[in-house]
>>> print(open('start09.tsv').read())   # TSV, C-alpha atoms and all ligand atoms
chain	number	residue	atom	x	y	z
A	2	MET	CA	8.84	204.57	86.99
A	3	ARG	CA	10.56	203.99	90.30
A	4	LEU	CA	12.48	207.11	91.29
A	5	THR	CA	15.98	206.06	92.30
A	6	ARG	CA	18.51	208.46	93.76
A	7	ARG	CA	20.46	208.38	90.54
A	8	SER	CA	17.47	209.05	88.31
A	9	PHE	CA	16.39	211.82	90.69
A	10	LEU	CA	19.81	213.46	90.35
A	11	ALA	CA	19.64	213.13	86.58
A	12	THR	CA	16.20	214.73	86.59
A	13	CYS	CA	17.37	217.56	88.82
A	14	ALA	CA	20.31	218.23	86.53
A	15	SER	CA	17.98	218.75	83.60
A	16	LEU	CA	15.59	220.88	85.66
A	17	PRO	CA	17.65	223.62	87.31
A	18	ALA	CA	14.48	225.16	88.75
A	19	VAL	CA	13.90	222.11	90.97
A	20	THR	CA	17.23	222.38	92.72
A	21	ALA	CA	16.96	226.15	92.83
A	22	VAL	CA	13.73	225.86	94.79
A	23	ALA	CA	15.12	223.09	97.02
A	24	ALA	CA	18.25	225.11	97.76
A	25	ASP	CA	16.37	228.26	98.66
A	26	ALA	CA	16.05	227.16	102.27
A	27	GLY	CA	19.86	227.13	102.32
A	28	LEU	CA	22.20	224.18	101.95
A	29	GLY	CA	22.54	223.84	105.72
A	30	ALA	CA	18.78	223.46	106.15
A	31	LEU	CA	18.66	221.02	103.26
A	32	ALA	CA	21.50	218.98	104.78
A	33	ALA	CA	19.74	218.92	108.15
A	34	ARG	CA	16.81	217.04	106.62
A	35	SER	CA	19.00	213.95	106.44
A	36	GLY	CA	20.76	214.64	109.75
A	37	ARG	CA	23.82	216.18	108.11
A	38	TYR	CA	25.48	219.56	108.01
A	39	PHE	CA	26.77	221.83	105.31
A	40	GLY	CA	29.37	224.48	105.99
A	41	ALA	CA	32.44	226.33	104.79
A	42	ALA	CA	35.85	227.51	105.86
A	43	VAL	CA	35.82	231.10	107.10
A	44	SER	CA	38.48	233.53	108.22
A	45	THR	CA	38.30	236.61	110.39
A	46	ALA	CA	39.02	238.81	107.36
A	47	LEU	CA	35.94	237.55	105.55
A	48	LEU	CA	33.70	238.39	108.44
A	49	THR	CA	35.19	241.78	109.17
A	50	ASP	CA	36.03	243.28	105.78
A	51	GLY	CA	33.94	241.30	103.38
A	52	SER	CA	30.27	241.88	104.00
A	53	ALA	CA	29.51	240.24	100.63
A	54	PHE	CA	30.73	236.95	102.11
A	55	VAL	CA	28.42	237.14	105.07
A	56	ALA	CA	25.13	236.53	103.23
A	57	PRO	CA	26.13	233.15	101.74
A	58	LEU	CA	27.81	232.12	104.97
A	59	GLU	CA	24.66	232.91	106.89
A	60	ARG	CA	22.21	231.52	104.36
A	61	ASP	CA	23.92	228.29	103.43
A	62	CYS	CA	26.17	227.21	106.26
A	63	SER	CA	25.12	225.50	109.45
A	64	VAL	CA	28.81	224.95	110.22
A	65	TRP	CA	31.90	227.14	110.00
A	66	VAL	CA	35.52	225.94	109.97
A	67	PRO	CA	38.43	228.29	110.64
A	68	GLU	CA	40.53	228.45	107.47
A	69	TRP	CA	43.55	229.88	109.23
A	70	GLN	CA	43.05	231.10	112.81
A	71	LEU	CA	43.26	227.73	114.57
A	72	LYS	CA	46.40	226.42	112.92
A	73	TRP	CA	49.20	225.92	115.41
A	74	GLY	CA	51.45	228.56	113.82
A	75	ALA	CA	48.56	231.03	113.73
A	76	LEU	CA	47.96	230.63	117.46
A	77	THR	CA	51.60	230.32	118.47
A	78	PRO	CA	54.29	231.89	116.26
A	79	ALA	CA	57.18	230.27	118.19
A	80	ILE	CA	57.43	227.40	120.67
A	81	THR	CA	58.74	229.86	123.24
A	82	ALA	CA	55.52	231.93	123.02
A	83	ALA	CA	52.17	231.31	124.67
A	84	ALA	CA	49.17	230.71	122.43
A	85	ASP	CA	47.24	233.86	121.55
A	86	PHE	CA	43.58	232.95	121.22
A	87	THR	CA	42.28	236.45	120.44
A	88	ALA	CA	41.50	236.00	116.73
A	89	MET	CA	40.14	232.47	117.10
A	90	ASP	CA	38.02	233.44	120.09
A	91	GLY	CA	36.55	236.21	117.93
A	92	LEU	CA	35.58	233.68	115.28
A	93	VAL	CA	34.02	231.36	117.86
A	94	ALA	CA	32.01	234.28	119.26
A	95	ALA	CA	30.88	235.32	115.76
A	96	ALA	CA	29.79	231.77	114.98
A	97	ARG	CA	27.85	231.59	118.22
A	98	THR	CA	26.11	234.90	117.49
A	99	ALA	CA	25.22	233.66	114.01
A	100	GLY	CA	23.96	230.35	115.41
A	101	LYS	CA	26.58	228.23	113.64
A	102	ARG	CA	28.33	225.12	114.91
A	103	MET	CA	32.07	224.83	114.35
A	104	ARG	CA	34.55	222.18	113.26
A	105	GLY	CA	38.01	222.47	114.78
A	106	HIS	CA	40.83	222.42	112.21
A	107	THR	CA	43.46	221.30	113.13
A	108	LEU	CA	45.60	220.22	116.10
A	109	LEU	CA	48.57	218.57	114.37
A	110	TRP	CA	49.66	219.41	110.83
A	111	HIS	CA	53.18	219.50	109.44
A	112	GLU	CA	52.60	222.92	107.81
A	113	HIS	CA	52.39	226.32	109.51
A	114	LEU	CA	54.10	225.22	112.70
A	115	PRO	CA	55.59	227.51	115.36
A	116	ASP	CA	59.22	228.48	114.88
A	117	GLY	CA	61.57	226.23	116.78
A	118	ILE	CA	59.70	222.98	116.39
A	119	GLU	CA	62.16	221.54	113.89
A	120	ALA	CA	64.84	221.53	116.58
A	121	LEU	CA	62.83	219.30	118.92
A	122	ASP	CA	63.34	215.60	119.11
A	123	GLY	CA	62.25	212.46	120.88
A	124	ARG	CA	59.84	211.94	123.77
A	125	GLY	CA	61.27	215.04	125.45
A	126	GLY	CA	60.20	217.30	122.59
A	127	TRP	CA	56.77	215.70	122.44
A	128	ASP	CA	56.14	215.97	126.19
A	129	SER	CA	57.43	219.49	126.56
A	130	VAL	CA	55.79	221.12	123.52
A	131	VAL	CA	53.26	218.95	121.66
A	132	VAL	CA	51.37	217.59	124.67
A	133	PRO	CA	50.84	221.08	126.18
A	134	HIS	CA	49.74	222.38	122.77
A	135	ILE	CA	47.03	219.71	122.38
A	136	GLU	CA	45.89	220.00	125.99
A	137	THR	CA	45.83	223.80	125.94
A	138	VAL	CA	44.11	224.28	122.59
A	139	ALA	CA	41.62	221.41	122.80
A	140	GLY	CA	40.97	222.37	126.42
A	141	HIS	CA	40.47	226.06	125.66
A	142	TYR	CA	37.84	225.07	123.09
A	143	ARG	CA	36.51	222.15	125.11
A	144	ASP	CA	32.88	222.47	123.98
A	145	ALA	CA	33.29	224.88	121.06
A	146	PHE	CA	33.72	222.31	118.28
A	147	PHE	CA	31.47	219.35	117.56
A	148	GLU	CA	34.18	217.79	115.38
A	149	TRP	CA	37.96	218.13	115.54
A	150	ASP	CA	40.53	217.34	112.85
A	151	VAL	CA	43.00	216.00	115.37
A	152	VAL	CA	45.69	215.02	112.88
A	153	ASN	CA	45.91	216.40	109.36
A	154	GLU	CA	47.68	214.69	106.45
A	155	ALA	CA	49.49	211.90	108.31
A	156	ILE	CA	50.01	209.81	105.17
A	157	GLU	CA	52.74	210.41	102.57
A	158	PRO	CA	53.92	207.32	100.67
A	159	ARG	CA	56.55	209.45	98.90
A	160	ASP	CA	58.40	209.88	102.20
A	161	GLY	CA	59.49	206.28	101.74
A	162	GLY	CA	58.49	204.66	105.06
A	163	ALA	CA	57.13	201.11	105.06
A	164	ASP	CA	54.16	202.39	107.07
A	165	LEU	CA	53.48	204.99	104.32
A	166	MET	CA	53.26	207.68	107.00
A	167	ARG	CA	54.50	211.21	106.51
A	168	ARG	CA	57.78	211.97	108.25
A	169	THR	CA	56.59	214.98	110.23
A	170	PRO	CA	58.25	216.56	113.28
A	171	PHE	CA	55.71	214.59	115.36
A	172	TYR	CA	56.73	211.34	113.71
A	173	ARG	CA	60.35	212.19	114.37
A	174	MET	CA	59.56	212.67	118.06
A	175	LEU	CA	57.42	209.62	118.70
A	176	GLY	CA	57.29	207.43	115.61
A	177	PRO	CA	53.92	206.21	114.29
A	178	ASP	CA	52.39	206.21	117.79
A	179	TYR	CA	52.11	209.98	117.77
A	180	VAL	CA	48.72	209.70	116.05
A	181	ALA	CA	47.21	207.47	118.76
A	182	GLU	CA	48.64	209.67	121.51
A	183	ALA	CA	47.24	212.81	119.89
A	184	PHE	CA	43.76	211.30	119.70
A	185	ARG	CA	43.87	210.14	123.33
A	186	LEU	CA	44.94	213.60	124.50
A	187	ALA	CA	42.27	215.28	122.40
A	188	ALA	CA	39.57	212.94	123.73
A	189	GLU	CA	40.49	213.86	127.29
A	190	ALA	CA	40.58	217.60	126.62
A	191	ALA	CA	37.46	217.78	124.44
A	192	PRO	CA	35.37	214.76	125.41
A	193	SER	CA	32.23	215.75	123.53
A	194	ALA	CA	33.88	216.30	120.13
A	195	ARG	CA	33.95	213.69	117.38
A	196	LEU	CA	37.58	213.17	116.49
A	197	TYR	CA	38.72	212.98	112.87
A	198	LEU	CA	41.79	211.99	110.94
A	199	ASN	CA	41.83	214.37	107.97
A	200	GLU	CA	43.50	213.46	104.67
A	201	ASP	CA	43.60	214.40	100.96
A	202	HIS	CA	44.33	212.71	97.60
A	203	LEU	CA	42.22	209.61	98.19
A	204	TYR	CA	39.62	209.69	95.41
A	205	TYR	CA	41.25	209.24	92.03
A	206	ASP	CA	42.42	206.27	90.06
A	207	ASP	CA	46.21	206.49	90.02
A	208	GLU	CA	49.08	204.80	91.80
A	209	ALA	CA	49.92	207.67	94.10
A	210	GLN	CA	46.37	207.94	95.43
A	211	GLU	CA	46.04	204.17	95.71
A	212	ALA	CA	49.16	204.14	97.90
A	213	ARG	CA	47.58	206.79	100.09
A	214	ARG	CA	44.37	204.79	100.45
A	215	VAL	CA	46.40	201.75	101.45
A	216	GLY	CA	48.42	203.75	103.96
A	217	LEU	CA	45.40	205.42	105.49
A	218	LEU	CA	43.45	202.17	105.84
A	219	ALA	CA	46.41	200.48	107.51
A	220	LEU	CA	46.72	203.36	109.99
A	221	LEU	CA	42.99	203.38	110.70
A	222	GLU	CA	42.96	199.63	111.28
A	223	ARG	CA	45.80	199.93	113.77
A	224	LEU	CA	44.04	202.76	115.61
A	225	VAL	CA	40.66	201.06	115.75
A	226	ARG	CA	42.20	197.74	116.84
A	227	ALA	CA	44.04	199.50	119.66
A	228	GLY	CA	40.83	201.15	120.88
A	229	VAL	CA	42.03	204.68	120.09
A	230	PRO	CA	39.16	207.21	120.18
A	231	VAL	CA	39.03	207.99	116.47
A	232	HIS	CA	35.50	208.59	115.21
A	233	GLY	CA	35.80	209.64	111.62
A	234	VAL	CA	37.83	210.24	108.49
A	235	GLY	CA	37.88	213.67	106.92
A	236	LEU	CA	38.12	213.49	103.14
A	237	GLN	CA	39.46	216.90	102.18
A	238	CYS	CA	38.18	216.57	98.60
A	239	HIS	CA	40.32	219.17	96.90
A	240	LEU	CA	39.12	217.81	93.56
A	241	ASP	CA	40.91	218.17	90.23
A	242	ILE	CA	39.09	217.64	86.96
A	243	ARG	CA	42.23	216.44	85.19
A	244	ARG	CA	42.33	213.22	87.19
A	245	ARG	CA	40.67	209.90	86.43
A	246	PHE	CA	37.86	208.77	88.73
A	247	ASP	CA	36.68	205.20	89.14
A	248	GLY	CA	33.56	205.00	91.29
A	249	ARG	CA	34.05	201.30	92.06
A	250	LEU	CA	37.52	201.90	93.40
A	251	PHE	CA	36.46	204.82	95.57
A	252	ASN	CA	33.43	202.93	96.85
A	253	ARG	CA	35.55	199.95	97.82
A	254	PHE	CA	37.74	202.28	99.84
A	255	LEU	CA	34.69	203.87	101.48
A	256	ASP	CA	33.35	200.39	102.32
A	257	GLU	CA	36.59	199.63	104.13
A	258	VAL	CA	36.56	202.90	106.07
A	259	THR	CA	32.93	202.62	107.14
A	260	GLY	CA	33.41	198.89	107.80
A	261	LEU	CA	35.68	199.97	110.64
A	262	GLY	CA	32.70	201.73	112.21
A	263	LEU	CA	33.95	205.21	111.28
A	264	SER	CA	32.04	208.24	110.05
A	265	VAL	CA	33.19	210.14	107.00
A	266	ALA	CA	32.98	213.86	106.31
A	267	VAL	CA	33.90	215.91	103.27
A	268	THR	CA	36.01	218.56	104.92
A	269	GLU	CA	37.61	220.90	102.35
A	270	LEU	CA	35.67	220.57	99.13
A	271	ASP	CA	36.66	222.65	96.12
A	272	VAL	CA	37.52	222.00	92.49
A	273	ARG	CA	40.69	222.86	90.64
A	274	GLU	CA	39.79	223.31	86.99
A	275	HIS	CA	41.73	226.27	85.62
A	276	ASP	CA	44.54	224.08	84.19
A	277	ASP	CA	42.05	222.66	81.71
A	278	ALA	CA	40.00	225.79	81.07
A	279	ALA	CA	41.49	227.16	77.86
A	280	GLY	CA	38.86	227.94	75.26
A	281	ARG	CA	35.92	227.19	77.53
A	282	SER	CA	33.25	229.68	78.55
A	283	LEU	CA	32.87	230.60	82.20
A	284	ALA	CA	29.49	228.89	82.30
A	285	ARG	CA	30.98	225.68	80.91
A	286	ARG	CA	33.85	225.77	83.38
A	287	ARG	CA	31.50	226.16	86.32
A	288	GLN	CA	29.36	223.31	85.05
A	289	ARG	CA	32.42	221.07	84.77
A	290	ALA	CA	33.32	221.83	88.39
A	291	ALA	CA	29.77	221.00	89.46
A	292	ASP	CA	29.84	217.75	87.48
A	293	GLU	CA	33.10	216.77	89.18
A	294	VAL	CA	31.48	217.26	92.58
A	295	THR	CA	28.45	215.17	91.62
A	296	LYS	CA	30.65	212.41	90.20
A	297	VAL	CA	33.00	212.07	93.15
A	298	LEU	CA	30.53	212.69	95.98
A	299	ASP	CA	27.64	210.65	94.63
A	300	GLY	CA	28.72	207.37	96.25
A	301	LEU	CA	29.32	209.14	99.54
A	302	PHE	CA	25.75	210.36	99.71
A	303	ASP	CA	24.58	206.75	99.47
A	304	ARG	CA	26.08	206.20	102.87
A	305	SER	CA	24.53	206.75	106.26
A	306	ALA	CA	28.08	207.26	107.62
A	307	LEU	CA	28.39	210.64	105.86
A	308	ALA	CA	28.28	213.27	108.61
A	309	GLY	CA	28.37	216.39	106.43
A	310	VAL	CA	30.19	218.53	103.91
A	311	THR	CA	32.26	221.67	104.29
A	312	THR	CA	33.69	223.59	101.35
A	313	TRP	CA	37.09	225.32	101.58
A	314	GLY	CA	35.74	228.84	101.38
A	315	ILE	CA	32.35	229.86	100.08
A	316	SER	CA	33.20	232.08	97.10
A	317	ASP	CA	35.84	231.89	94.37
A	318	ALA	CA	36.69	235.47	95.24
A	319	ASP	CA	38.61	234.30	98.30
A	320	SER	CA	39.55	230.73	97.42
A	321	TRP	CA	43.00	229.50	98.45
A	322	LEU	CA	43.03	227.89	94.96
A	323	ARG	CA	43.66	231.35	93.56
A	324	LYS	CA	46.58	232.11	95.83
A	325	GLY	CA	50.24	231.20	96.07
A	326	GLY	CA	51.28	227.87	94.66
A	327	GLN	CA	47.71	226.86	93.80
A	328	GLY	CA	47.48	229.81	91.36
A	329	GLY	CA	44.89	230.31	88.64
A	330	ASP	CA	41.35	231.63	88.50
A	331	ASN	CA	39.70	228.39	89.56
A	332	GLN	CA	35.90	228.25	89.46
A	333	GLY	CA	35.43	225.71	92.17
A	334	LEU	CA	33.11	226.84	94.98
A	335	PRO	CA	29.36	227.28	95.56
A	336	TYR	CA	29.56	231.03	94.82
A	337	GLY	CA	31.45	232.81	92.05
A	338	ASP	CA	33.59	235.93	92.23
A	339	THR	CA	30.62	238.25	92.41
A	340	PHE	CA	28.73	236.08	94.87
A	341	GLN	CA	26.29	234.57	92.41
A	342	PRO	CA	25.43	230.93	93.21
A	343	THR	CA	27.25	228.57	90.86
A	344	PRO	CA	26.16	225.21	89.39
A	345	MET	CA	28.22	223.62	92.18
A	346	ARG	CA	25.73	224.96	94.71
A	347	ALA	CA	22.91	223.40	92.70
A	348	ALA	CA	24.85	220.12	92.51
A	349	LEU	CA	25.25	220.08	96.29
A	350	ALA	CA	21.56	220.86	96.75
A	351	ALA	CA	20.68	217.95	94.49
A	352	LEU	CA	22.97	215.58	96.40
A	353	PHE	CA	21.53	216.63	99.76
A	354	THR	CA	18.00	216.32	98.41
A	355	ALA	CA	18.43	212.78	97.17
A	356	THR	CA	20.53	211.42	100.00
A	357	ARG	CA	20.04	208.67	102.55
A	358	THR	CA	19.62	209.64	106.19
A	359	ARG	CA	22.65	209.75	108.41
A	360	HIS	CA	23.32	207.28	111.22
A	361	ASP	CA	26.35	207.50	113.51
A	401	LIG	C1	45.22	226.44	103.76
A	401	LIG	C2	44.49	227.78	103.80
A	401	LIG	O1	43.44	227.76	102.88
A	401	LIG	C3	45.45	228.87	103.47
A	401	LIG	O2	44.80	230.13	103.60
A	401	LIG	C4	46.65	228.80	104.39
A	401	LIG	O3	47.59	229.74	104.00
A	401	LIG	C5	47.29	227.43	104.33
A	401	LIG	O4	46.33	226.45	104.61
A	401	LIG	N1	44.76	221.37	103.36
A	401	LIG	C6	44.37	221.74	104.62
A	401	LIG	C7	44.08	223.17	104.90
A	401	LIG	O5	44.18	220.89	105.48
A	401	LIG	O6	44.36	223.54	106.22
A	401	LIG	C8	44.80	224.09	103.96
A	401	LIG	O7	44.36	225.42	104.18
A	401	LIG	C9	44.58	223.67	102.53
A	401	LIG	C10	45.10	222.27	102.31
>>> encode(input="start09.tsv", output="structure tokens", more="lines below")
Ligand code: XIL
Amino acid sequence: MRLTRRSFLATCASLPAVTAVAADAGLGALAARSGRYFGAAVSTALLTDGSAFVAPLERDCSVWVPEWQLKWGALTPAITAAADFTAMDGLVAAARTAGKRMRGHTLLWHEHLPDGIEALDGRGGWDSVVVPHIETVAGHYRDAFFEWDVVNEAIEPRDGGADLMRRTPFYRMLGPDYVAEAFRLAAEAAPSARLYLNEDHLYYDDEAQEARRVGLLALLERLVRAGVPVHGVGLQCHLDIRRRFDGRLFNRFLDEVTGLGLSVAVTELDVREHDDAAGRSLARRRQRAADEVTKVLDGLFDRSALAGVTTWGISDADSWLRKGGQGGDNQGLPYGDTFQPTPMRAALAALFTATRTRHD
């Protein structure tokens, strides 16, 4: 029998020992075999007060992403203040000591902004506050990050614009061109980084997500046509088992993205499953989360354009899906509350084992 990727995955799923052995080298090492990376979002608190987090971060991750410390509002509480790089510099130093590469996340996002930004308007606001922010931050970390999420969540069809773009403070200042300008500035300040447009809600089969795919593709086409230095699309992949997935639809979208010559990366993978957990055992819930990952990511691993995968946290114990508005005891990361590897880790190991090699 010819062993296809799909039949290999099916075999692995029925033989947990196979993936367990394959994953022992660590997911990062496994990913490297096909020229990819595996990593996770980290925060200073995890490294300093949570020694239990350190082992999985060291063993499995070849890449770390700052979950909080690099956000604009985390660096700069108010537009009148100078950026304070202390915490982020500490994370960069820790990553270097541990031998990890880093993704930069993120230069422009409409959430967690410095106080005072809402009052700014027009080209004046952009030139006096946003341009210095991008130049200062990307310049400070000139060679620290191999990939940068330059703009995060630029698309929001519900905001009502014909271009389907989110009406952010940056949009208010410059209109749709703010994205191209941000990428050009980032390319100058951090010339060796691969520059990503990062976005969520692009995978499932419903009208809202279809509108987002349409909006994102239109924006990407405009950027690529104009010669803007955009190198990849970050698919956040905050997955949700309640939604309907159609592999053909998602693959068509991926064809269009990669057809533009862009890389793709899974940048914030986790699974929201607690809303549909009633009456199910913990083991079953974790398996459902793993199955969701296999289902949605399978077509991505067929593609040489896939640069790598980062999960949004490493253990359920510290997942943002358990905090604030996300609420609930989601079981959606490669390690559970007590740091035992979950079926999701095995699912990722199986995907990395059966994948095609990466080509930029
Ligand atoms: C979240 C962090 O996980 C939280 O700790 C923080 O309070 C808010 O931001 N999409 C993104 C991430 O691009 O930056 C967000 O991270 C989660 C949603």
>>> closest_residue(input="start09.tsv", among="A:Val130, A:Val64, A:Ala279, A:Val258", to="Leu114 of chain A", atoms="all atoms listed in the file")
A:Val130
>>> residues_near_ligand(input="start09.tsv", ligand="ligand LIG 401 (chain A)", cutoff="9 Å", atoms="all atoms listed in the file", output="MDAnalysis selection string")
chainID A and resid 42 44 67:69 72 106:107 110 112:113 150 153:154 199:201 237 239 268:269 313:314 320:322 324:325
>>> residues_around(input="start09.tsv", residues="Gln70 of chain A", least_positions_apart="4", cutoff="12 Å", atoms="all atoms listed in the file", output="PDB file with C-alpha atoms, keeping the file's coordinate frame")
ATOM      1  CA  ALA A  42      35.850 227.510 105.860  1.00  0.00           C
ATOM      2  CA  VAL A  43      35.820 231.100 107.100  1.00  0.00           C
ATOM      3  CA  SER A  44      38.480 233.530 108.220  1.00  0.00           C
ATOM      4  CA  THR A  45      38.300 236.610 110.390  1.00  0.00           C
ATOM      5  CA  ALA A  46      39.020 238.810 107.360  1.00  0.00           C
ATOM      6  CA  VAL A  66      35.520 225.940 109.970  1.00  0.00           C
ATOM      7  CA  GLY A  74      51.450 228.560 113.820  1.00  0.00           C
ATOM      8  CA  ALA A  75      48.560 231.030 113.730  1.00  0.00           C
ATOM      9  CA  LEU A  76      47.960 230.630 117.460  1.00  0.00           C
ATOM     10  CA  THR A  77      51.600 230.320 118.470  1.00  0.00           C
ATOM     11  CA  PRO A  78      54.290 231.890 116.260  1.00  0.00           C
ATOM     12  CA  ALA A  84      49.170 230.710 122.430  1.00  0.00           C
ATOM     13  CA  ASP A  85      47.240 233.860 121.550  1.00  0.00           C
ATOM     14  CA  PHE A  86      43.580 232.950 121.220  1.00  0.00           C
ATOM     15  CA  THR A  87      42.280 236.450 120.440  1.00  0.00           C
ATOM     16  CA  ALA A  88      41.500 236.000 116.730  1.00  0.00           C
ATOM     17  CA  MET A  89      40.140 232.470 117.100  1.00  0.00           C
ATOM     18  CA  ASP A  90      38.020 233.440 120.090  1.00  0.00           C
ATOM     19  CA  GLY A  91      36.550 236.210 117.930  1.00  0.00           C
ATOM     20  CA  LEU A  92      35.580 233.680 115.280  1.00  0.00           C
ATOM     21  CA  VAL A  93      34.020 231.360 117.860  1.00  0.00           C
ATOM     22  CA  GLY A 105      38.010 222.470 114.780  1.00  0.00           C
ATOM     23  CA  HIS A 106      40.830 222.420 112.210  1.00  0.00           C
ATOM     24  CA  THR A 107      43.460 221.300 113.130  1.00  0.00           C
ATOM     25  CA  LEU A 108      45.600 220.220 116.100  1.00  0.00           C
ATOM     26  CA  HIS A 113      52.390 226.320 109.510  1.00  0.00           C
ATOM     27  CA  VAL A 138      44.110 224.280 122.590  1.00  0.00           C
TER      28      VAL A 138
END
>>> residues_around(input="start09.tsv", residues="Gly117 of chain A", least_positions_apart="4", cutoff="8 Å", atoms="all atoms listed in the file", output="list in words")
Ala79, Ile80, Thr81 and Leu121 of chain A
>>> atom_distance(input="start09.tsv", atom1="atom CA of Ala53 of chain A", atom2="atom CA of Asp317 of chain A")
12.2 Å
>>> atom_distance(input="start09.tsv", atom1="atom CA of Ala318 of chain A", atom2="atom CA of Asp50 of chain A")
13.1 Å
>>> atom_distance(input="start09.tsv", atom1="atom CA of Pro230 of chain A", atom2="atom CA of Leu270 of chain A")
25.2 Å
>>> residues_around(input="start09.tsv", residues="segment 166-182 of chain A", least_positions_apart="3", cutoff="8 Å", atoms="all atoms listed in the file", output="list in words")
His111, Ile118, Glu119, Leu121, Asp122, Gly123, Arg124, Gly125, Gly126, Trp127, Val152, Glu154, Ala155, Ile156, Glu157, Pro158, Asp160, Gly162, Ala163, Arg185, Leu186, Gly216, Leu224 and Val229 of chain A
>>> closest_atom_pairs(input="start09.tsv", of="segment 174-254 of chain A", to="segment 287-301 of chain A", cutoff="12 Å", atoms="all atoms listed in the file", output="JSON lines")
{"residue": "A:Leu203", "atom": "CA", "partner": "A:Val297", "partner_atom": "CA", "distance": 10.8}
{"residue": "A:Tyr204", "atom": "CA", "partner": "A:Val297", "partner_atom": "CA", "distance": 7.4}
{"residue": "A:Tyr205", "atom": "CA", "partner": "A:Val297", "partner_atom": "CA", "distance": 8.8}
{"residue": "A:Asp206", "atom": "CA", "partner": "A:Val297", "partner_atom": "CA", "distance": 11.5}
{"residue": "A:Leu236", "atom": "CA", "partner": "A:Leu301", "partner_atom": "CA", "distance": 10.5}
{"residue": "A:Gln237", "atom": "CA", "partner": "A:Leu298", "partner_atom": "CA", "distance": 11.7}
{"residue": "A:Cys238", "atom": "CA", "partner": "A:Val297", "partner_atom": "CA", "distance": 8.8}
{"residue": "A:His239", "atom": "CA", "partner": "A:Val294", "partner_atom": "CA", "distance": 10.0}
{"residue": "A:Leu240", "atom": "CA", "partner": "A:Glu293", "partner_atom": "CA", "distance": 7.5}
{"residue": "A:Asp241", "atom": "CA", "partner": "A:Glu293", "partner_atom": "CA", "distance": 8.0}
{"residue": "A:Ile242", "atom": "CA", "partner": "A:Glu293", "partner_atom": "CA", "distance": 6.4}
{"residue": "A:Arg243", "atom": "CA", "partner": "A:Glu293", "partner_atom": "CA", "distance": 10.0}
{"residue": "A:Arg244", "atom": "CA", "partner": "A:Glu293", "partner_atom": "CA", "distance": 10.1}
{"residue": "A:Arg245", "atom": "CA", "partner": "A:Val297", "partner_atom": "CA", "distance": 10.4}
{"residue": "A:Phe246", "atom": "CA", "partner": "A:Val297", "partner_atom": "CA", "distance": 7.4}
{"residue": "A:Asp247", "atom": "CA", "partner": "A:Val297", "partner_atom": "CA", "distance": 8.8}
{"residue": "A:Gly248", "atom": "CA", "partner": "A:Gly300", "partner_atom": "CA", "distance": 7.3}
{"residue": "A:Arg249", "atom": "CA", "partner": "A:Gly300", "partner_atom": "CA", "distance": 9.1}
{"residue": "A:Leu250", "atom": "CA", "partner": "A:Gly300", "partner_atom": "CA", "distance": 10.7}
{"residue": "A:Phe251", "atom": "CA", "partner": "A:Gly300", "partner_atom": "CA", "distance": 8.2}
{"residue": "A:Asn252", "atom": "CA", "partner": "A:Gly300", "partner_atom": "CA", "distance": 6.5}
{"residue": "A:Arg253", "atom": "CA", "partner": "A:Gly300", "partner_atom": "CA", "distance": 10.2}
{"residue": "A:Phe254", "atom": "CA", "partner": "A:Leu301", "partner_atom": "CA", "distance": 10.9}
>>> axis_aligned_box(input="start09.tsv", around="segment 179-192 of chain A", padding_each_side="4 Å", output="JSON")
{"center_x": 43.7, "center_y": 212.6, "center_z": 121.7, "size_x": 24.7, "size_y": 18.3, "size_z": 19.2}
>>> closest_residue(input="start09.tsv", among="A:His141, A:Phe147, A:Gly161, A:Gly233", to="Phe184 of chain A", atoms="only C-alpha atoms")
A:Gly233
>>> closest_residue(input="start09.tsv", among="A:Ala355, A:Ala212, A:Ile315, A:Val132", to="Asp61 of chain A", atoms="all atoms listed in the file")
A:Ile315
>>> residues_around(input="start09.tsv", residues="Leu28 of chain A", least_positions_apart="3", cutoff="8 Å", atoms="all atoms listed in the file", output="JSON, numbers by chain")
{"A": [24, 25, 31, 32, 39, 60, 61, 62, 349, 350, 353]}
>>> closest_residue(input="start09.tsv", among="A:Gly328, A:Ala351, A:Thr343, A:Glu208", to="Pro57 of chain A", atoms="all atoms listed in the file")
A:Thr343
>>> closest_residue(input="start09.tsv", among="A:Gly27, A:Ser35, A:Gly329, A:Val151", to="Thr354 of chain A", atoms="only C-alpha atoms")
A:Ser35
>>> closest_residue(input="start09.tsv", among="A:Tyr142, A:Thr358, A:Val231, A:Ala99", to="Arg34 of chain A", atoms="only C-alpha atoms")
A:Thr358
